[in-house]
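Inspection log for the structure reproduced underneath, given as structure tokens.
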Amino acid sequence: MNAHIFHISPYDLAFLGTIFIGLMFALLLGFTKRVNQAANRFLGLALATIVLSMIWVLGNDVGLGTYFPHWNWMPMQFSLVLGPLIYFYVLKITRPEYKIRFKDLLHFSPLLLQQGALLLEVRESIKSAAATFDTLIFRRLNPVLHLLVFISVSAYLFASHRLVERFYQTLEFNGGDRYRYELRWLHNLLMGFGLLWLLWI
């Protein structure tokens, strides 16, 4: 009898559907030519970051390591750049003329920390022949990384909210509050994402 079978639950099927839909949206955001194309690329990268994390979780859940023993060595965790990607999306919406400078890339430097942790996990995985998520380093560093991701996304959501408020302050007052509805959709999206983020944590 073959012991190598996938154990796919309805939860995994829902995850798989979400992954395909998310990848399609990320590709559309990245390659569709629209007015806010630069901003949409940041949003597409943020969505791709979430989808890659979901692929990693799904692969662990269905036992993909049985068929591809070293698949979990692949770098699929980029959650420390999720906050900066959302921030730069909002920045390009509120200030389309803003040019990304070299010093702006420092916002993405925490990714080096996350990938460094993966290298340590892979090194221990090679020594112990265990999956990276079964190593001692993973069990010690993963809660710290999750805490850093929570702090990062929360801080960048707050900074994004401030960008929207600053955008309203630059608009001229024209006799009522109608001018404050121009980016109401973006404000609602940020609030919704913040609520979902808290629920997920």
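Letters for chains follow the order of the structure tokens (A, B, ...), residue numbers begin at 1 for each chain, and ligand numbers begin at 1 in the order shown.
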DSSP on the backbone, then: every residue of region 43-122 of chain A marked helix (DSSP H, G or I), written as a PyMOL selection string. chain A and resi 43-62+64-66+71-73+79-94+102-108+110-122
Would you list the contacts of Gly65 (chain A) as a ChimeraX atom specification, taking every protein, DNA or RNA residue within 12 Å and counting only C-alpha atoms, but skipping same-chain residues closer than 5 positions in sequence? /A:4-6,56-60,70-74,129-134
Which of these, A:Phe88, A:Tyr11, A:Phe42, A:Phe25, has the shortest distance to Asp61 (chain A) once you count only C-alpha atoms?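 Looking only at the distances to Asp61 (chain A), the closest residue turns out to be A:Tyr11.
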Can you list, as a PyMOL selection string, every protein, DNA or RNA residue that comes within 12 Å of Ser79 (chain A) when you count only C-alpha atoms, leaving out same-chain residues fewer than 5 positions away? chain A and resi 45-54+56+84-86+108+110-115+142+145-153
Could you check which of A:Leu91, A:Leu80, A:Val164, A:Leu157 is closest to Met191 (chain A), using only C-alpha atoms? A:Leu157
Spatial neighbours of Gly30 (chain A), 7 Å, only C-alpha atoms, chain gap at least 5 places, as a PyMOL selection string: chain A and resi 40-41+44
Output for the residues just chosen: N, CA and C atoms as a compact mmCIF listing (two decimals), in the first residue's frame:
# COMPACT_ATOMS: atom_id res chain seq x y z
N ASN A 40 -0.81 50.22 -8.39
CA ASN A 40 -1.37 48.87 -8.51
C ASN A 40 -0.29 47.79 -8.46
N ARG A 41 0.89 48.12 -8.92
CA ARG A 41 1.99 47.14 -8.84
C ARG A 41 2.37 46.85 -7.38
N GLY A 44 -0.35 44.66 -6.10
CA GLY A 44 -0.17 43.31 -6.64
C GLY A 44 0.94 42.55 -5.92
Top pick for closest residue to Pro96 (chain A), considering A:Ala26, A:Leu136, A:Ala38, A:Leu119 and counting only C-alpha atoms: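 Among the listed residues, A:Ala38 lies closest to Pro96 (chain A).
Taking CA of Thr66 (chain A) and CA of Leu16 (chain A) as the two end points, the separation is 18.5 Å.
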Among A:Leu190, A:Ile8, A:Tyr67, A:Ser125, Ala159 (chain A) is approached most closely, using only C-alpha atoms, by A:Leu190
What does the distance from CA of His187 (chain A) to CA of Lys103 (chain A) come to in Å, to one decimal?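 CA of His187 (chain A) sits 26.6 Å away from CA of Lys103 (chain A).
Closest to Gly63 (chain A) among A:Ser9, A:Ile137, A:Ser154, A:Gly22 is A:Ser9, based on only C-alpha atoms.
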